[in-house]
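Enquirer: File follows, final_5.txt with compact mmCIF, C-alpha atoms and all ligand atoms:
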# COMPACT_ATOMS: atom_id res chain seq x y z
CA MET A 795 161.50 52.57 103.38
CA GLU A 796 164.71 54.12 102.04
CA ILE A 797 166.10 52.20 99.05
CA ILE A 798 169.58 53.01 97.81
CA ASN A 799 170.55 51.59 94.46
CA VAL A 800 174.23 50.74 94.29
CA ASP A 801 175.52 50.82 90.76
CA PHE A 802 179.08 49.52 90.51
CA ASP A 803 178.79 48.75 86.78
CA GLU A 804 178.81 44.94 86.75
CA ASN A 805 177.33 44.90 90.27
CA ASN A 806 173.99 46.55 90.68
CA TYR A 807 172.02 45.92 93.85
CA ASN A 808 169.77 47.59 96.43
CA ILE A 809 170.24 48.50 100.06
CA TYR A 810 166.93 48.56 101.95
CA ILE A 811 166.85 50.68 105.12
CA ASP A 812 163.92 50.68 107.52
CA LYS A 813 162.59 49.45 110.82
CA GLY A 814 161.61 45.78 110.52
CA VAL A 815 163.02 45.51 106.98
CA ILE A 816 164.26 41.94 107.63
CA SER A 817 160.71 40.69 107.17
CA ASN A 818 161.11 41.28 103.41
CA ILE A 819 163.85 38.67 103.06
CA THR A 820 161.77 35.82 101.59
CA GLU A 821 160.23 37.95 98.88
CA LEU A 822 163.61 39.43 97.93
CA LEU A 823 165.41 36.09 97.89
CA LEU A 824 162.72 34.54 95.70
CA LYS A 825 163.06 37.47 93.32
CA GLU A 826 166.87 37.48 93.17
CA THR A 827 167.80 33.78 93.34
CA LYS A 828 166.73 30.41 91.95
CA SER A 829 168.24 27.98 94.43
CA LYS A 830 166.32 27.29 97.63
CA LYS A 831 169.47 26.58 99.65
CA VAL A 832 170.86 29.11 102.09
CA ILE A 833 173.45 29.26 104.83
CA ILE A 834 173.16 31.83 107.59
CA VAL A 835 176.50 32.91 109.06
CA ALA A 836 175.68 34.89 112.16
CA ASP A 837 177.06 36.46 115.30
CA SER A 838 176.00 34.00 118.03
CA PHE A 839 174.60 37.05 119.86
CA PHE A 840 171.60 36.79 117.48
CA LYS A 841 171.01 33.04 117.92
CA ASP A 842 167.61 33.44 119.56
CA SER A 843 166.52 36.59 117.77
CA ILE A 844 167.32 37.37 114.11
CA VAL A 845 168.67 33.91 113.27
CA LYS A 846 165.44 32.37 114.53
CA GLN A 847 163.33 35.01 112.79
CA VAL A 848 165.09 34.59 109.42
CA SER A 849 165.04 30.77 109.65
CA GLU A 850 161.28 30.89 110.28
CA LEU A 851 160.70 33.37 107.47
CA LEU A 852 162.58 31.11 105.05
CA LYS A 853 160.26 28.13 105.64
CA GLU A 854 160.33 27.10 102.00
CA PHE A 855 164.16 27.12 101.89
CA GLU A 856 166.72 24.58 103.07
CA VAL A 857 168.45 26.60 105.80
CA HIS A 858 171.86 25.84 107.35
CA VAL A 859 173.25 27.90 110.20
CA HIS A 860 176.78 28.67 111.35
CA LEU A 861 177.10 30.76 114.51
CA MET A 862 180.35 32.45 115.49
CA GLU A 863 181.64 34.86 118.11
CA ALA A 864 182.25 38.45 117.02
CA GLY A 865 185.56 40.16 117.81
CA LYS A 866 188.54 40.69 115.52
CA ALA A 867 190.38 37.61 116.87
CA ASN A 868 187.76 35.38 115.26
CA LYS A 869 188.14 36.80 111.76
CA ASN A 870 190.42 33.90 110.85
CA MET A 871 190.90 30.93 108.54
CA ASN A 872 189.71 28.33 111.10
CA GLU A 873 186.27 29.87 111.07
CA VAL A 874 186.29 30.01 107.25
CA LEU A 875 187.15 26.31 107.02
CA LYS A 876 184.25 25.40 109.31
CA ILE A 877 181.85 27.18 106.94
CA TYR A 878 183.37 25.59 103.81
CA ALA A 879 182.78 22.20 105.48
CA ILE A 880 179.06 22.93 105.96
CA LEU A 881 178.79 24.14 102.36
CA GLU A 882 180.45 21.00 101.00
CA GLU A 883 178.64 18.50 103.23
CA ASN A 884 175.27 19.95 102.24
CA ASP A 885 175.97 20.48 98.56
CA LEU A 886 175.53 24.23 98.48
CA ALA A 887 176.56 25.30 95.00
CA ARG A 888 177.30 28.75 93.67
CA ASP A 889 173.65 29.52 93.05
CA SER A 890 172.86 29.14 96.76
CA THR A 891 172.96 32.10 99.15
CA LEU A 892 175.02 33.03 102.18
CA ILE A 893 173.28 35.44 104.56
CA ALA A 894 175.70 37.31 106.82
CA ILE A 895 174.15 38.58 110.07
CA GLY A 896 176.40 40.64 112.35
CA GLY A 897 178.88 43.46 112.60
CA GLY A 898 181.99 44.05 110.50
CA VAL A 899 183.75 40.92 111.69
CA ILE A 900 180.99 38.58 110.55
CA GLY A 901 180.29 40.55 107.34
CA ASP A 902 183.97 40.59 106.33
CA LEU A 903 184.50 36.89 107.05
CA ALA A 904 181.22 35.61 105.64
CA GLY A 905 181.64 37.85 102.59
CA PHE A 906 185.10 36.35 102.05
CA VAL A 907 183.64 32.83 102.21
CA ALA A 908 180.89 33.76 99.74
CA SER A 909 183.42 35.34 97.37
CA THR A 910 185.59 32.21 97.25
CA TRP A 911 183.09 29.34 97.36
CA TYR A 912 182.93 28.12 93.76
CA ARG A 913 184.46 31.49 92.85
CA GLY A 914 181.46 33.29 94.24
CA MET A 915 178.06 32.34 95.64
CA ASN A 916 175.17 34.75 96.35
CA LEU A 917 175.70 36.99 99.34
CA VAL A 918 173.17 38.94 101.42
CA HIS A 919 174.32 41.34 104.12
CA ILE A 920 172.31 42.04 107.25
CA PRO A 921 174.67 44.41 109.09
CA THR A 922 173.86 44.76 112.78
CA THR A 923 176.25 47.48 113.99
CA LEU A 924 176.23 51.09 112.86
CA MET A 925 179.86 50.59 111.76
CA ALA A 926 178.82 47.72 109.52
CA MET A 927 175.85 49.67 108.13
CA VAL A 928 177.67 52.86 107.18
CA ASP A 929 181.02 51.33 106.33
CA SER A 930 182.02 47.67 106.26
CA SER A 931 179.00 46.21 104.43
CA VAL A 932 179.28 48.80 101.64
CA GLY A 933 182.05 48.91 99.05
CA GLY A 934 182.79 45.22 98.63
CA LYS A 935 185.92 44.74 100.74
CA VAL A 936 185.84 41.31 102.36
CA ALA A 937 188.73 39.78 104.29
CA ILE A 938 190.11 37.73 107.14
CA ASN A 939 193.15 38.34 109.32
CA PHE A 940 196.25 36.13 109.07
CA ARG A 941 198.46 35.74 112.15
CA GLN A 942 199.29 39.33 113.13
CA THR A 943 198.24 40.89 109.82
CA ILE A 944 194.82 42.48 109.69
CA ASN A 945 192.74 41.87 106.54
CA ALA A 946 195.71 40.03 104.98
CA ILE A 947 193.62 37.61 102.90
CA GLY A 948 190.76 39.23 101.09
CA ASN A 949 188.77 40.05 98.05
CA TYR A 950 186.30 42.50 96.55
CA TYR A 951 182.77 41.14 96.50
CA HIS A 952 179.29 42.62 96.54
CA PRO A 953 175.98 41.30 97.88
CA ILE A 954 172.82 40.72 95.83
CA PHE A 955 171.02 42.95 98.36
CA THR A 956 171.50 44.36 101.85
CA LEU A 957 168.94 44.78 104.63
CA MET A 958 169.59 47.46 107.23
CA ASP A 959 167.08 47.08 110.02
CA LEU A 960 166.85 50.21 112.15
CA ASP A 961 165.38 48.21 115.04
CA LEU A 962 168.94 46.92 115.55
CA ILE A 963 170.25 50.42 116.17
CA THR A 964 167.85 50.91 119.08
CA ASP A 965 169.46 48.06 121.04
CA LEU A 966 173.04 48.73 120.01
CA PRO A 967 175.22 49.60 123.05
CA ASN A 968 176.09 53.31 123.11
CA ARG A 969 179.81 52.70 122.71
CA GLU A 970 179.21 50.70 119.48
CA TYR A 971 176.77 53.33 118.22
CA ASN A 972 179.16 56.23 118.88
CA SER A 973 182.00 54.28 117.27
CA GLY A 974 179.93 54.09 114.08
CA ILE A 975 179.25 57.85 114.27
CA ALA A 976 183.00 58.43 113.84
CA GLU A 977 182.76 57.03 110.28
CA VAL A 978 179.74 59.25 109.64
CA ILE A 979 181.71 62.34 110.75
CA LYS A 980 184.58 61.20 108.51
CA CYS A 981 182.24 61.10 105.50
CA ALA A 982 181.12 64.65 106.27
CA ILE A 983 184.67 66.00 106.65
CA ILE A 984 185.94 64.55 103.37
CA ASN A 985 182.90 65.35 101.31
CA ASP A 986 180.18 67.61 102.60
CA GLU A 987 180.39 70.69 104.80
CA ASP A 988 176.59 70.98 105.11
CA PHE A 989 176.44 67.43 106.40
CA PHE A 990 179.11 68.37 108.96
CA LYS A 991 177.01 71.34 110.08
CA ASP A 992 173.99 69.07 110.32
CA LEU A 993 175.89 66.69 112.58
CA GLN A 994 176.85 69.69 114.75
CA LYS A 995 173.28 70.93 114.94
CA LYS A 996 171.57 67.58 115.59
CA VAL A 997 173.87 66.11 118.26
CA GLN A 998 171.07 65.46 120.76
CA ASN A 999 168.61 64.07 118.17
CA ILE A 1000 171.31 61.72 116.91
CA LEU A 1001 172.44 60.65 120.39
CA ASP A 1002 168.78 59.98 121.16
CA LYS A 1003 168.72 57.73 118.07
CA GLU A 1004 165.69 59.53 116.58
CA GLU A 1005 164.57 57.27 113.76
CA HIS A 1006 164.23 59.95 111.11
CA GLU A 1007 167.71 61.34 111.83
CA VAL A 1008 169.34 57.90 112.01
CA LYS A 1009 167.85 56.87 108.67
CA ARG A 1010 168.97 60.14 107.13
CA PHE A 1011 172.59 60.07 108.28
CA ILE A 1012 173.00 56.37 107.45
CA ALA A 1013 171.70 56.94 103.91
CA LYS A 1014 173.84 60.05 103.48
CA SER A 1015 177.04 58.30 104.63
CA ILE A 1016 176.38 55.31 102.38
CA LYS A 1017 175.86 57.59 99.38
CA ILE A 1018 179.17 59.33 100.09
CA LYS A 1019 180.94 55.99 100.40
CA ILE A 1020 179.41 54.72 97.15
CA ALA A 1021 180.45 57.90 95.31
CA HIS A 1022 184.08 57.34 96.40
CA VAL A 1023 184.11 53.63 95.58
CA LYS A 1024 182.42 53.85 92.18
CA GLY A 1025 185.01 53.60 89.45
CA ASP A 1026 187.78 53.03 92.01
CA ILE A 1027 186.97 49.69 93.66
CA ARG A 1028 190.68 48.88 94.05
CA GLU A 1029 191.64 52.08 95.81
CA GLY A 1030 193.49 54.08 93.19
CA ASN A 1031 192.84 57.55 94.50
CA LYS A 1032 189.22 58.54 95.06
CA ARG A 1033 188.55 55.56 97.33
CA LEU A 1034 191.70 56.35 99.28
CA LEU A 1035 189.98 59.45 100.67
CA LEU A 1036 187.73 57.12 102.67
CA ASN A 1037 190.85 56.20 104.64
CA TYR A 1038 190.91 59.72 106.07
CA GLY A 1039 192.08 59.37 109.68
CA HIS A 1040 192.48 55.61 109.29
CA THR A 1041 196.23 55.26 108.72
CA LEU A 1042 197.19 57.00 111.96
CA GLY A 1043 194.07 55.85 113.80
CA HIS A 1044 194.74 52.25 112.90
CA ALA A 1045 198.31 52.58 114.19
CA ILE A 1046 196.93 53.85 117.52
CA GLU A 1047 194.32 51.06 117.57
CA ILE A 1048 196.85 48.25 117.17
CA SER A 1049 199.61 49.86 119.25
CA THR A 1050 197.34 50.09 122.30
CA VAL A 1051 196.23 46.43 122.24
CA LYS A 1052 197.13 44.84 125.62
CA ASN A 1053 197.05 41.09 126.31
CA ASN A 1054 195.12 40.64 123.08
CA GLN A 1055 192.49 43.12 124.32
CA GLU A 1056 191.73 46.18 122.21
CA GLN A 1057 191.44 49.48 124.09
CA TYR A 1058 189.69 51.32 121.28
CA ARG A 1059 186.81 50.31 119.05
CA HIS A 1060 187.51 50.87 115.36
CA GLY A 1061 185.58 54.16 115.26
CA GLU A 1062 187.33 55.44 118.37
CA GLY A 1063 190.63 54.82 116.58
CA VAL A 1064 189.25 56.74 113.60
CA SER A 1065 188.32 59.67 115.84
CA LEU A 1066 191.87 59.78 117.26
CA GLY A 1067 193.35 59.34 113.79
CA ILE A 1068 191.29 62.24 112.43
CA MET A 1069 192.47 64.48 115.27
CA ALA A 1070 196.06 63.50 114.45
CA VAL A 1071 195.71 64.31 110.75
CA ALA A 1072 193.82 67.50 111.60
CA TYR A 1073 196.90 68.53 113.59
CA ILE A 1074 199.12 67.65 110.60
CA ALA A 1075 196.85 69.57 108.21
CA GLN A 1076 196.91 72.65 110.42
CA LYS A 1077 200.74 72.69 110.34
CA HIS A 1078 201.35 71.42 106.82
CA LEU A 1079 198.65 73.43 105.04
CA ASN A 1080 198.61 76.44 107.37
CA LEU A 1081 194.97 75.98 108.25
CA ASP A 1082 193.10 78.06 110.75
CA ALA A 1083 193.05 76.47 114.24
CA SER A 1084 189.25 76.81 114.27
CA ILE A 1085 188.98 73.76 111.96
CA TYR A 1086 190.87 71.53 114.40
CA ASP A 1087 188.73 72.92 117.23
CA ALA A 1088 185.48 72.22 115.35
CA TYR A 1089 186.45 68.55 114.84
CA GLN A 1090 187.46 68.17 118.46
CA LYS A 1091 184.21 69.68 119.69
CA LEU A 1092 182.13 67.42 117.46
CA PHE A 1093 183.92 64.19 118.43
CA LYS A 1094 183.62 65.11 122.10
CA ALA A 1095 179.91 65.78 121.66
CA TYR A 1096 179.50 62.19 120.39
CA HIS A 1097 181.58 60.86 123.30
CA LEU A 1098 184.49 59.92 121.07
CA PRO A 1099 188.12 60.21 122.22
CA THR A 1100 190.33 63.03 120.93
CA PHE A 1101 193.46 62.27 123.01
CA VAL A 1102 195.13 59.09 124.23
CA TYR A 1103 196.12 59.14 127.91
CA ALA A 1104 199.06 56.72 127.95
CA SER A 1105 199.26 56.14 131.69
CA LYS A 1106 195.53 55.33 131.91
CA LEU A 1107 196.24 52.48 129.48
CA SER A 1108 199.42 51.54 131.45
CA PHE A 1109 201.74 52.63 128.66
CA LYS A 1110 204.83 54.82 128.84
CA ARG A 1111 204.08 57.81 126.63
CA GLU A 1112 207.36 57.87 124.67
CA ALA A 1113 207.27 54.09 124.05
CA LEU A 1114 203.69 54.35 122.78
CA VAL A 1115 204.56 57.21 120.41
CA LYS A 1116 207.42 55.11 118.97
CA LYS A 1117 205.19 52.05 118.64
CA CYS A 1118 202.56 54.06 116.75
CA LEU A 1119 205.24 55.38 114.40
CA ARG A 1120 206.56 51.88 113.72
CA ASN A 1121 203.04 50.64 113.03
CA VAL A 1122 202.18 53.54 110.75
CA LEU A 1123 205.19 52.69 108.59
CA LYS A 1124 203.91 49.13 108.19
CA ASP A 1125 200.62 50.42 106.80
CA LYS A 1126 199.76 49.00 103.43
CA LYS A 1127 198.75 52.38 102.02
CA ARG A 1128 202.38 53.44 101.69
CA ILE A 1129 204.04 53.61 98.28
CA ASP A 1130 207.77 52.84 98.44
CA ASN A 1131 208.77 54.75 101.53
CA HIS A 1132 206.29 57.55 101.25
CA LEU A 1133 203.26 57.41 103.39
CA ARG A 1134 200.20 58.65 101.57
CA VAL A 1135 198.25 60.73 104.07
CA VAL A 1136 194.76 62.03 103.44
CA LEU A 1137 194.34 65.58 104.72
CA ALA A 1138 191.25 67.76 104.68
CA ASN A 1139 192.22 71.20 103.40
CA GLN A 1140 188.82 72.52 104.45
CA ILE A 1141 185.72 70.97 106.00
CA GLY A 1142 184.11 68.97 103.20
CA LYS A 1143 187.17 68.59 101.01
CA ALA A 1144 190.10 66.18 101.24
CA SER A 1145 193.11 65.19 99.12
CA VAL A 1146 195.96 62.71 99.27
CA TYR A 1147 199.38 64.14 100.22
CA SER A 1148 202.67 62.30 99.70
CA ASP A 1149 204.92 65.07 101.02
CA VAL A 1150 204.15 65.01 104.74
CA PRO A 1151 207.50 64.68 106.55
CA PHE A 1152 207.82 61.80 109.00
CA SER A 1153 208.86 64.31 111.66
CA LEU A 1154 205.40 65.90 111.42
CA ILE A 1155 203.72 62.52 111.73
CA GLU A 1156 205.76 61.88 114.88
CA GLU A 1157 204.81 65.33 116.16
CA ALA A 1158 201.14 64.52 115.57
CA PHE A 1159 201.40 61.34 117.65
CA GLU A 1160 203.20 63.33 120.34
CA HIS A 1161 200.36 65.82 120.28
CA ILE A 1162 197.58 63.21 120.48
CA ILE A 1163 199.26 60.94 123.04
CA LYS A 1164 199.35 62.62 126.44
CA GLU A 1165 201.07 61.44 129.61
N1 LIG B 1201 185.11 45.77 104.85
C1 LIG B 1201 185.30 47.03 105.18
O1 LIG B 1201 185.28 47.93 104.34
C2 LIG B 1201 185.48 47.38 106.62
C3 LIG B 1201 185.35 48.72 107.04
C4 LIG B 1201 185.45 49.02 108.41
C5 LIG B 1201 185.67 47.98 109.33
N2 LIG B 1201 185.80 46.69 108.87
C6 LIG B 1201 186.01 45.57 109.81
O2 LIG B 1201 184.90 45.54 110.71
C7 LIG B 1201 185.31 44.91 111.92
C8 LIG B 1201 184.72 45.67 113.08
O3 LIG B 1201 183.33 45.66 112.94
P1 LIG B 1201 182.34 45.90 114.16
O4 LIG B 1201 182.80 47.11 114.89
O5 LIG B 1201 180.96 45.89 113.63
O6 LIG B 1201 182.68 44.66 115.12
P2 LIG B 1201 182.00 43.29 115.53
O7 LIG B 1201 181.42 42.56 114.39
O8 LIG B 1201 183.03 42.54 116.33
O9 LIG B 1201 180.82 43.76 116.51
C9 LIG B 1201 181.11 44.51 117.66
C10 LIG B 1201 180.33 44.01 118.90
O10 LIG B 1201 178.96 44.39 118.79
C11 LIG B 1201 178.11 43.26 119.05
N3 LIG B 1201 176.90 43.52 118.28
C12 LIG B 1201 176.74 43.45 116.95
N4 LIG B 1201 175.52 43.89 116.60
C13 LIG B 1201 174.87 44.20 117.75
C14 LIG B 1201 173.57 44.70 118.05
N5 LIG B 1201 172.69 45.02 117.08
N6 LIG B 1201 173.23 44.89 119.34
C15 LIG B 1201 174.11 44.63 120.33
N7 LIG B 1201 175.37 44.18 120.11
C16 LIG B 1201 175.75 43.96 118.82
C17 LIG B 1201 178.93 42.08 118.62
O11 LIG B 1201 178.51 40.89 119.23
C18 LIG B 1201 180.33 42.51 119.09
O12 LIG B 1201 180.49 42.23 120.47
C19 LIG B 1201 186.84 44.86 111.89
O13 LIG B 1201 187.26 43.54 111.67
C20 LIG B 1201 187.22 45.75 110.71
O14 LIG B 1201 188.39 45.32 110.06
C21 LIG B 1201 185.70 46.38 107.56
Take the structure I supplied and represent it as structure tokens, if you would.

Expert:
Amino acid sequence: MEIINVDFDENNYNIYIDKGVISNITELLLKETKSKKVIIVADSFFKDSIVKQVSELLKEFEVHVHLMEAGKANKNMNEVLKIYAILEENDLARDSTLIAIGGGVIGDLAGFVASTWYRGMNLVHIPTTLMAMVDSSVGGKVAINFRQTINAIGNYYHPIFTLMDLDLITDLPNREYNSGIAEVIKCAIINDEDFFKDLQKKVQNILDKEEHEVKRFIAKSIKIKIAHVKGDIREGNKRLLLNYGHTLGHAIEISTVKNNQEQYRHGEGVSLGIMAVAYIAQKHLNLDASIYDAYQKLFKAYHLPTFVYASKLSFKREALVKKCLRNVLKDKKRIDNHLRVVLANQIGKASVYSDVPFSLIEEAFEHIIKE
């Protein structure tokens, strides 16, 4: 088993990564908590599998269950209120534990509930998507959406431990798996050229989900994320680098939503966003075109998008470019009217730039969005 100790000063906890690691939950809960009351908040997809398994394992606990549908539309206050009601009706106090089982939507929402109930009850994450394992369950950001605003109401809150069960990766649909790989590639680009080379070399082993490789790249990505969050929980500067590709990618993600249906998974948006900022970096920092080409080749190898084809999504190209620009300006990472853009000046090294002209950002969208 791989154990990563997360040391965020006042929050020190372990992430356990292995096949079948969920079976350790009783022992760990008994070690870390006193109360025998738990609530499981889970993706209803796992009703007959992990939820059943965990409920059976926790025989000596009083177990309550709240099932919810995944999908960003459900990361809302209504769902939060339903969970508060269960907590109140069953007298779960702050020493009881909330176990979040699911992808980023469930982890973010359940984590938000745990962070606010009596100003903070125990939280355990069992992330079930690769995205949730390498990104959303690490770093403490918990939130729900409000009306049209994503992650509008949120907090910073850490679990008492996290269980990453590699059996879950085996069954994860390829599109979800590849979407998570985009965050892994991001970690390599901002921090570690050797890791990037490794991801180039091991494409087939990783696409085949070879256990040894999966465990290795998950652990590596988590360590990079922790290093950027430590000492900068509230996103002063170092943590901001983790947003590499996200500002523009997020704008593409939300601009292409049609009839409330997303066209791109979060990681696919990140892949497009990275290609857009790679274009900006090439122009703004006079980088060699081979860097852009290397990113493009790697994303393609992992079946991730590197261009948006507007007409395939039934958009007019020019209108979509304008919409992306409008959405990028709304991004909360701006300071006054300057957009802070993270650019990689070489593979493995990134910095924040506040002097990228808007015209170049528009040009980048024009480059990424094809007819
Ligand atoms: N807190 C953070 O730092 C952070 C970082 C990145 C993303 N996020 C948030 O994460 C959310 C996206 O997360 P997500 O991509 O995991 O989405 P998700 O939770 O909606 O899950 C995606 C889909 O995968 C299914 N699924 C989950 N686990 C599965 C498994 N093991 N096998 C088969 N299917 C499975 C779900 O039912 C769902 O249909 C967004 O709301 C985003 O804002 C948060």

Enquirer: Near Asn868 of chain A, counting only C-alpha atoms, which residues have an atom at most 9 Å away, once you skip same-chain residues fewer than 6 positions from it, shown as a ChimeraX atom specification?

Expert: /A:862,899-900,903,938-939

Enquirer: List as a list in words the protein and nucleic acid residues near Leu1066 of chain A, meaning an atom at most 6 Å away when all atoms listed in the file are counted, but skip any in the same chain fewer than 2 places from it.

Expert: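 Counting all atoms listed in the file, the residues come to Gly1043, Gly1063, Val1064, Ile1068, Met1069 and Thr1100 of chain A.
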
Enquirer: Between A:Phe1159, A:Glu850, A:Ser1145, A:Glu804, which residue has the minimum interatomic distance to Ile1027 of chain A, considering all atoms listed in the file?

Expert: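 Looking only at the distances to Ile1027 of chain A, the closest residue turns out to be A:Glu804.
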
Enquirer: Any idea what's packed within 12 Å of Asn1054 of chain A, counting all atoms listed in the file, ignoring anything in its chain fewer than 6 positions away? Could you give it as number ranges by chain?

Expert: A: 865-868, 942, 1047-1048

Enquirer: Please write out the residues within 8 Å of ligand LIG 1201 (chain B) as a PyMOL selection string, counting all atoms listed in the file.

Expert: chain A and resi 837-839+863-866+869+896-902+921-926+929-938+944-945+962-967+970+973-974+1059-1061

Enquirer: Just write the chosen residues, C-alpha atoms, as a CSV table (one decimal), in the frame of the given file.

Expert:
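The file below, again-v3.csv, is the result:
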chain,number,residue,atom,x,y,z
A,837,ASP,CA,177.1,36.5,115.3
A,838,SER,CA,176.0,34.0,118.0
A,839,PHE,CA,174.6,37.0,119.9
A,863,GLU,CA,181.6,34.9,118.1
A,864,ALA,CA,182.2,38.4,117.0
A,865,GLY,CA,185.6,40.2,117.8
A,866,LYS,CA,188.5,40.7,115.5
A,869,LYS,CA,188.1,36.8,111.8
A,896,GLY,CA,176.4,40.6,112.4
A,897,GLY,CA,178.9,43.5,112.6
A,898,GLY,CA,182.0,44.0,110.5
A,899,VAL,CA,183.8,40.9,111.7
A,900,ILE,CA,181.0,38.6,110.6
A,901,GLY,CA,180.3,40.6,107.3
A,902,ASP,CA,184.0,40.6,106.3
A,921,PRO,CA,174.7,44.4,109.1
A,922,THR,CA,173.9,44.8,112.8
A,923,THR,CA,176.2,47.5,114.0
A,924,LEU,CA,176.2,51.1,112.9
A,925,MET,CA,179.9,50.6,111.8
A,926,ALA,CA,178.8,47.7,109.5
A,929,ASP,CA,181.0,51.3,106.3
A,930,SER,CA,182.0,47.7,106.3
A,931,SER,CA,179.0,46.2,104.4
A,932,VAL,CA,179.3,48.8,101.6
A,933,GLY,CA,182.0,48.9,99.0
A,934,GLY,CA,182.8,45.2,98.6
A,935,LYS,CA,185.9,44.7,100.7
A,936,VAL,CA,185.8,41.3,102.4
A,937,ALA,CA,188.7,39.8,104.3
A,938,ILE,CA,190.1,37.7,107.1
A,944,ILE,CA,194.8,42.5,109.7
A,945,ASN,CA,192.7,41.9,106.5
A,962,LEU,CA,168.9,46.9,115.6
A,963,ILE,CA,170.2,50.4,116.2
A,964,THR,CA,167.8,50.9,119.1
A,965,ASP,CA,169.5,48.1,121.0
A,966,LEU,CA,173.0,48.7,120.0
A,967,PRO,CA,175.2,49.6,123.0
A,970,GLU,CA,179.2,50.7,119.5
A,973,SER,CA,182.0,54.3,117.3
A,974,GLY,CA,179.9,54.1,114.1
A,1059,ARG,CA,186.8,50.3,119.0
A,1060,HIS,CA,187.5,50.9,115.4
A,1061,GLY,CA,185.6,54.2,115.3

Enquirer: With a distance cut-off of 8 Å and only C-alpha atoms, select the neighbouring residues of Ala887 of chain A, excluding the residue or stretch itself and same-chain residues fewer than 4 positions from it, and output the selection as a PyMOL selection string.

Expert: chain A and resi 881+912+915

Enquirer: Any idea what the distance is between atom CA of Asp961 of chain A and atom CA of Leu993 of chain A?

Expert: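 Atom CA of Asp961 of chain A sits 21.4 Å away from atom CA of Leu993 of chain A.
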
Enquirer: List the spatial neighbours of Tyr1096 of chain A as a ChimeraX atom specification - criterion: any atom at most 12 Å away, all atoms listed in the file, same-chain residues fewer than 3 positions off excluded.

Expert: /A:968-979,993-994,996-1003,1061-1062,1065,1089-1093,1099-1100

Enquirer: Of the residues A:Cys1118, A:Leu1107, A:Ile844, A:Ile1018, which is the one nearest to Ala1070 of chain A, using only C-alpha atoms?

Expert: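 Between A:Cys1118, A:Leu1107, A:Ile844, A:Ile1018, the residue approaching Ala1070 of chain A most closely is A:Cys1118.
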
Enquirer: Identify the residues within 12 Å of coordinate (181.6, 51.8, 100.3) (same frame as the file), considering all atoms listed in the file, and give the answer as a PyMOL selection string.

Expert: chain A and resi 800-802+809+925-936+950-952+977+981+1013-1029+1032-1037

Enquirer: Can you write just those residues out, C-alpha atoms, as a short mmCIF file (atom, residue, chain, number, x, y, z; two decimals), in the coordinates of the input?

Expert:
data_model
loop_
_atom_site.label_atom_id
_atom_site.label_comp_id
_atom_site.auth_asym_id
_atom_site.auth_seq_id
_atom_site.Cartn_x
_atom_site.Cartn_y
_atom_site.Cartn_z
CA VAL A 800 174.23 50.74 94.29
CA ASP A 801 175.52 50.82 90.76
CA PHE A 802 179.08 49.52 90.51
CA ILE A 809 170.24 48.50 100.06
CA MET A 925 179.86 50.59 111.76
CA ALA A 926 178.82 47.72 109.52
CA MET A 927 175.85 49.67 108.13
CA VAL A 928 177.67 52.86 107.18
CA ASP A 929 181.02 51.33 106.33
CA SER A 930 182.02 47.67 106.26
CA SER A 931 179.00 46.21 104.43
CA VAL A 932 179.28 48.80 101.64
CA GLY A 933 182.05 48.91 99.05
CA GLY A 934 182.79 45.22 98.63
CA LYS A 935 185.92 44.74 100.74
CA VAL A 936 185.84 41.31 102.36
CA TYR A 950 186.30 42.50 96.55
CA TYR A 951 182.77 41.14 96.50
CA HIS A 952 179.29 42.62 96.54
CA GLU A 977 182.76 57.03 110.28
CA CYS A 981 182.24 61.10 105.50
CA ALA A 1013 171.70 56.94 103.91
CA LYS A 1014 173.84 60.05 103.48
CA SER A 1015 177.04 58.30 104.63
CA ILE A 1016 176.38 55.31 102.38
CA LYS A 1017 175.86 57.59 99.38
CA ILE A 1018 179.17 59.33 100.09
CA LYS A 1019 180.94 55.99 100.40
CA ILE A 1020 179.41 54.72 97.15
CA ALA A 1021 180.45 57.90 95.31
CA HIS A 1022 184.08 57.34 96.40
CA VAL A 1023 184.11 53.63 95.58
CA LYS A 1024 182.42 53.85 92.18
CA GLY A 1025 185.01 53.60 89.45
CA ASP A 1026 187.78 53.03 92.01
CA ILE A 1027 186.97 49.69 93.66
CA ARG A 1028 190.68 48.88 94.05
CA GLU A 1029 191.64 52.08 95.81
CA LYS A 1032 189.22 58.54 95.06
CA ARG A 1033 188.55 55.56 97.33
CA LEU A 1034 191.70 56.35 99.28
CA LEU A 1035 189.98 59.45 100.67
CA LEU A 1036 187.73 57.12 102.67
CA ASN A 1037 190.85 56.20 104.64
#
